[in-house]
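**Student:** Next comes the structure file coords_2.cif, holding mmCIF, C-alpha atoms.
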```cif
data_target
loop_
_atom_site.label_atom_id
_atom_site.label_comp_id
_atom_site.auth_asym_id
_atom_site.auth_seq_id
_atom_site.Cartn_x
_atom_site.Cartn_y
_atom_site.Cartn_z
CA MET K 1102 4.90 -32.72 145.33
CA CYS K 1103 8.54 -33.07 144.38
CA GLY K 1104 8.65 -36.48 146.05
CA GLU K 1105 5.66 -37.62 143.99
CA GLY K 1106 7.41 -36.48 140.82
CA ASN K 1107 10.53 -38.42 141.75
CA ALA K 1108 8.45 -41.50 142.58
CA MET K 1109 6.59 -41.25 139.27
CA GLN K 1110 9.90 -40.84 137.42
CA ALA K 1111 11.30 -43.91 139.21
CA LEU K 1112 8.24 -45.95 138.17
CA ALA K 1113 8.51 -44.65 134.60
CA ASN K 1114 12.17 -45.69 134.54
CA LEU K 1115 11.25 -49.13 135.86
CA ALA K 1116 8.58 -49.57 133.21
CA ARG K 1117 10.83 -48.39 130.39
CA ALA K 1118 13.77 -50.54 131.51
CA PHE K 1119 11.80 -53.75 132.03
CA LEU K 1120 9.77 -53.36 128.84
CA GLN K 1121 13.09 -53.07 127.00
CA ILE K 1122 14.60 -56.03 128.85
CA GLY K 1123 11.53 -58.16 128.17
CA ALA K 1124 11.45 -57.16 124.51
CA PHE K 1125 15.11 -57.87 123.73
CA SER K 1126 16.06 -60.76 125.99
CA PHE K 1127 16.07 -63.71 123.67
CA GLY K 1128 17.27 -66.89 125.35
CA GLY K 1129 15.76 -66.56 128.79
CA GLY K 1130 16.96 -65.30 132.15
CA TYR K 1131 20.68 -65.77 131.71
CA ALA K 1132 20.66 -64.09 128.33
CA MET K 1133 19.08 -61.03 129.87
CA ILE K 1134 21.77 -60.51 132.52
CA PRO K 1135 23.79 -58.16 130.26
CA LEU K 1136 20.65 -56.07 129.66
CA LEU K 1137 19.79 -56.12 133.36
CA ARG K 1138 23.32 -55.03 134.24
CA GLU K 1139 23.14 -52.16 131.73
CA GLN K 1140 19.83 -50.87 133.16
CA VAL K 1141 20.92 -51.32 136.77
CA GLU K 1142 24.08 -49.33 136.09
CA LYS K 1143 22.19 -46.69 134.08
CA TYR K 1144 19.73 -45.97 136.90
CA GLY K 1145 21.99 -46.83 139.85
CA TRP K 1146 19.42 -49.19 141.32
CA LEU K 1147 21.89 -51.63 142.88
CA THR K 1148 25.51 -51.90 143.86
CA GLU K 1149 27.55 -54.58 142.10
CA GLY K 1150 27.35 -56.73 145.25
CA GLU K 1151 23.57 -56.36 145.44
CA PHE K 1152 23.33 -57.29 141.75
CA PHE K 1153 25.18 -60.56 142.34
CA ASP K 1154 23.14 -61.24 145.48
CA ILE K 1155 19.88 -60.80 143.56
CA ILE K 1156 21.12 -63.12 140.81
CA GLY K 1157 21.78 -65.74 143.50
CA ILE K 1158 18.43 -65.18 145.18
CA SER K 1159 16.66 -65.28 141.81
CA GLU K 1160 18.30 -68.63 141.15
CA MET K 1161 17.23 -70.08 144.50
CA THR K 1162 13.61 -68.95 144.39
CA PRO K 1163 10.98 -70.62 142.20
CA GLY K 1164 10.19 -69.07 138.87
CA PRO K 1165 12.08 -67.57 135.98
CA VAL K 1166 15.19 -65.51 136.77
CA ALA K 1167 13.90 -62.54 134.80
CA ILE K 1168 10.64 -62.33 136.71
CA ASN K 1169 12.33 -62.79 140.07
CA PHE K 1170 14.92 -60.15 139.22
CA ALA K 1171 12.27 -57.67 138.05
CA THR K 1172 10.24 -58.30 141.19
CA PHE K 1173 13.24 -57.70 143.49
CA ILE K 1174 14.44 -54.54 141.73
CA GLY K 1175 10.91 -53.22 141.38
CA PHE K 1176 10.31 -53.69 145.10
CA LYS K 1177 13.58 -51.98 146.00
CA VAL K 1178 12.87 -49.02 143.74
CA GLY K 1179 9.11 -48.62 144.15
CA GLY K 1180 7.78 -50.95 146.84
CA PHE K 1181 4.79 -53.15 146.05
CA TRP K 1182 3.67 -51.11 143.03
CA GLY K 1183 7.21 -50.94 141.64
CA SER K 1184 7.45 -54.69 142.01
CA ALA K 1185 4.14 -55.27 140.24
CA LEU K 1186 5.04 -52.80 137.49
CA ALA K 1187 8.52 -54.20 136.79
CA THR K 1188 7.25 -57.79 136.82
CA GLY K 1189 4.35 -56.97 134.50
CA CYS K 1190 6.56 -55.03 132.11
CA VAL K 1191 9.24 -57.71 131.86
CA ILE K 1192 6.65 -60.31 130.79
CA LEU K 1193 4.35 -58.12 128.68
CA VAL K 1194 6.28 -58.10 125.40
CA PRO K 1195 7.35 -61.78 125.62
CA VAL K 1196 3.76 -62.91 126.23
CA ILE K 1197 2.54 -60.94 123.23
CA LEU K 1198 5.42 -62.20 121.09
CA VAL K 1199 4.85 -65.82 122.10
CA LEU K 1200 1.18 -65.58 121.24
CA ILE K 1201 1.98 -64.10 117.83
CA LEU K 1202 4.96 -66.35 117.11
CA ALA K 1203 3.15 -69.53 118.14
CA ARG K 1204 0.54 -68.83 115.53
CA LEU K 1205 3.09 -67.84 112.89
CA PHE K 1206 5.54 -70.63 113.66
CA SER K 1207 3.03 -73.37 113.05
CA ALA K 1208 2.17 -71.80 109.69
CA TYR K 1209 5.72 -70.92 108.56
CA GLU K 1210 8.11 -73.30 110.35
CA ASP K 1211 9.16 -74.96 107.08
CA VAL K 1212 9.89 -71.69 105.22
CA PRO K 1213 13.65 -71.47 104.54
CA TRP K 1214 14.13 -67.86 105.70
CA VAL K 1215 12.35 -68.62 108.99
CA LYS K 1216 14.73 -71.53 109.55
CA ARG K 1217 17.69 -69.23 108.81
CA ILE K 1218 16.46 -66.62 111.29
CA LEU K 1219 16.17 -69.27 114.01
CA GLN K 1220 19.61 -70.65 113.15
CA GLY K 1221 21.04 -67.13 113.52
CA LEU K 1222 19.31 -66.55 116.86
CA ARG K 1223 20.78 -69.69 118.45
CA PRO K 1224 24.46 -68.63 118.45
CA ALA K 1225 23.54 -65.04 119.35
CA THR K 1226 21.60 -66.37 122.34
CA ILE K 1227 24.56 -68.53 123.40
CA ALA K 1228 26.78 -65.42 123.21
CA LEU K 1229 24.41 -63.56 125.55
CA ILE K 1230 24.47 -66.47 128.00
CA ALA K 1231 28.29 -66.69 127.79
CA SER K 1232 28.54 -62.96 128.44
CA ALA K 1233 26.35 -63.38 131.53
CA LEU K 1234 28.48 -66.32 132.69
CA LEU K 1235 31.68 -64.27 132.39
CA PHE K 1236 30.13 -61.30 134.19
CA VAL K 1237 28.66 -63.38 137.02
CA GLY K 1238 31.85 -65.44 137.25
CA LYS K 1239 33.94 -62.31 137.65
CA GLY K 1240 31.86 -61.29 140.65
CA ALA K 1241 31.44 -64.77 142.13
CA PHE K 1242 35.01 -66.04 141.97
CA LEU K 1243 36.56 -63.76 144.53
CA ASP K 1244 39.22 -66.12 145.84
CA ALA K 1245 40.42 -69.73 145.92
CA LYS K 1246 37.61 -70.72 148.31
CA SER K 1247 34.93 -69.65 145.83
CA LEU K 1248 36.69 -71.61 143.07
CA ILE K 1249 36.72 -74.70 145.33
CA ILE K 1250 33.00 -74.33 146.05
CA ALA K 1251 32.23 -73.90 142.33
CA GLY K 1252 34.37 -76.91 141.44
CA ILE K 1253 32.70 -79.14 144.01
CA ALA K 1254 29.24 -77.93 142.93
CA GLY K 1255 30.07 -78.60 139.28
CA ILE K 1256 31.26 -82.13 140.06
CA LEU K 1257 28.15 -82.83 142.15
CA LEU K 1258 25.87 -81.59 139.37
CA GLN K 1259 27.68 -83.68 136.76
CA ARG K 1260 27.29 -86.74 138.99
CA GLY K 1261 23.54 -86.17 139.14
CA LEU K 1262 23.03 -84.46 142.51
CA HIS K 1263 19.80 -82.47 142.51
CA PRO K 1264 20.41 -78.71 142.00
CA VAL K 1265 18.65 -77.84 145.28
CA LEU K 1266 20.94 -80.19 147.18
CA THR K 1267 23.91 -78.71 145.34
CA LEU K 1268 22.87 -75.25 146.53
CA ILE K 1269 22.62 -76.55 150.08
CA VAL K 1270 26.12 -78.05 149.80
CA GLY K 1271 27.38 -74.71 148.42
CA ALA K 1272 25.79 -72.77 151.27
CA THR K 1273 27.22 -75.22 153.81
CA LEU K 1274 30.68 -74.93 152.27
CA GLY K 1275 30.32 -71.15 152.39
CA VAL K 1276 29.64 -71.32 156.12
CA VAL K 1277 32.54 -73.70 156.70
CA LEU K 1278 35.11 -72.02 154.46
CA TYR K 1279 34.25 -68.39 155.19
#
```
Kindly present the structure from the file in structure tokens form.
**Tutor:**
Amino acid sequence: MCGEGNAMQALANLARAFLQIGAFSFGGGYAMIPLLREQVEKYGWLTEGEFFDIIGISEMTPGPVAINFATFIGFKVGGFWGSALATGCVILVPVILVLILARLFSAYEDVPWVKRILQGLRPATIALIASALLFVGKGAFLDAKSLIIAGIAGILLQRGLHPVLTLIVGATLGVVLY
């Protein structure tokens, strides 16, 4: 019975955390990394290394980072049902908001205060993404080799190499350099 209570509490924590993340993550997957980190630390779901690994895996797999991340953490914490719950919760509020906002936006997009709200959200969203970049960078740039890999990947992306091929080059360099 005690195990069931702990399992139910773990699922309740997953639901609460991913509803909150979904509700307050303006700007997409990268903007939600600070919120993800806060919840992961709060509940002790992952080590810092696992957190960075899941970010990498979420980037490499198809689909939005937020959904992939919720699916991975949910599975780790609660198996199949934890995965389904976390994934459903992270998309629930955004889906409802998009449905409401799509209707409102078309009716009020030219209203000055709506324009001001959107102009205020843009820089705040960029700040969330920058915070995620700094956090992920701190964990990814462990030594000179990782800086070399990042530099080469950045150059390849700027020269138009497909992101999937850039990931393959990064993985190959990881094998060679480490």
**Student:** Which is closest to Ala1241 (chain K) among K:Gln1220, K:Gly1183, K:Phe1153, K:Leu1274, if we use all atoms listed in the file?
**Tutor:**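 Among K:Gln1220, K:Gly1183, K:Phe1153, K:Leu1274, it is K:Phe1153 that comes nearest to Ala1241 (chain K).
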**Student:** List as a PyMOL selection string the protein and nucleic acid residues near region 1167-1179 of chain K, meaning an atom at most 6 Å away when all atoms listed in the file are counted, but skip any in the same chain fewer than 5 places from it.
**Tutor:** chain K and resi 1130+1159+1184+1187-1188
**Student:** Deliver the residues from the most recent selection as a file, using C-alpha atoms, as a PDB file, keeping the file's coordinate frame.
**Tutor:**
```pdb
ATOM      1  CA  GLY K1130      16.960 -65.300 132.150  1.00  0.00           C
ATOM      2  CA  SER K1159      16.660 -65.280 141.810  1.00  0.00           C
ATOM      3  CA  SER K1184       7.450 -54.690 142.010  1.00  0.00           C
ATOM      4  CA  ALA K1187       8.520 -54.200 136.790  1.00  0.00           C
ATOM      5  CA  THR K1188       7.250 -57.790 136.820  1.00  0.00           C
TER       6      THR K1188
END
```
**Student:** So which one's closest to Ile1197 (chain K), K:Val1237, K:Ile1227, K:Leu1262, K:Leu1120? Using all atoms listed in the file, please.
**Tutor:**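 When distances to Ile1197 (chain K) are compared using all atoms listed in the file, the smallest one comes from K:Leu1120.
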**Student:** Around all the atoms of region 1207-1218 of chain K listed in the file, with 3 Å of room on each side, what axis-aligned box do you get, giving centre and edge lengths in Å to one decimal, as JSON?
**Tutor:**
```
{"center_x": 9.9, "center_y": -70.8, "center_z": 108.8, "size_x": 21.5, "size_y": 14.3, "size_z": 14.5}
```
**Student:** How would you write, as a PyMOL selection string, the residues chosen by the PyMOL selection byres ((chain K and resi 1135-1139) around 12) on this structure?
**Tutor:** chain K and resi 1115+1118-1134+1140-1153+1155-1156+1166-1168+1170-1171+1174+1187+1191+1226+1228-1237
**Student:** Would you compute the distance between CA of Asn1107 (chain K) and CA of Ala1185 (chain K)? Give it in Å to one decimal.
**Tutor:**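 Answer for the CA of Asn1107 (chain K) to CA of Ala1185 (chain K) separation: 18.1 Å.
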**Student:** For the file shown, what are the residues hit by the PyMOL selection byres ((chain K and resi 1279) around 12), laid out as a PyMOL selection string?
**Tutor:** chain K and resi 1243-1247+1249-1250+1271-1278
**Student:** For the atom pair CA of Ala1111 (chain K) and CA of Val1194 (chain K), what is the interatomic distance in Å to one decimal place?
**Tutor:**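 Computed distance, CA of Ala1111 (chain K) to CA of Val1194 (chain K), equals 20.4 Å.
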**Student:** Restricting the calculation to only C-alpha atoms, which member of K:Asp1211, K:Glu1160, K:Ala1116, K:Gln1110 is positioned closest to Val1265 (chain K)?
**Tutor:**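 Of all the options, K:Glu1160 lies closest to Val1265 (chain K).
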**Student:** CA of Ala1254 (chain K) and CA of Ile1269 (chain K), how far apart in Å?
**Tutor:**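 Taking CA of Ile1269 (chain K) and CA of Ala1254 (chain K), their separation equals 9.8 Å.
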**Student:** Quick one: of K:Gly1255, K:Pro1213, K:Ala1203, K:Pro1224, who's nearest to Leu1268 (chain K), counting only C-alpha atoms?
**Tutor:** K:Gly1255
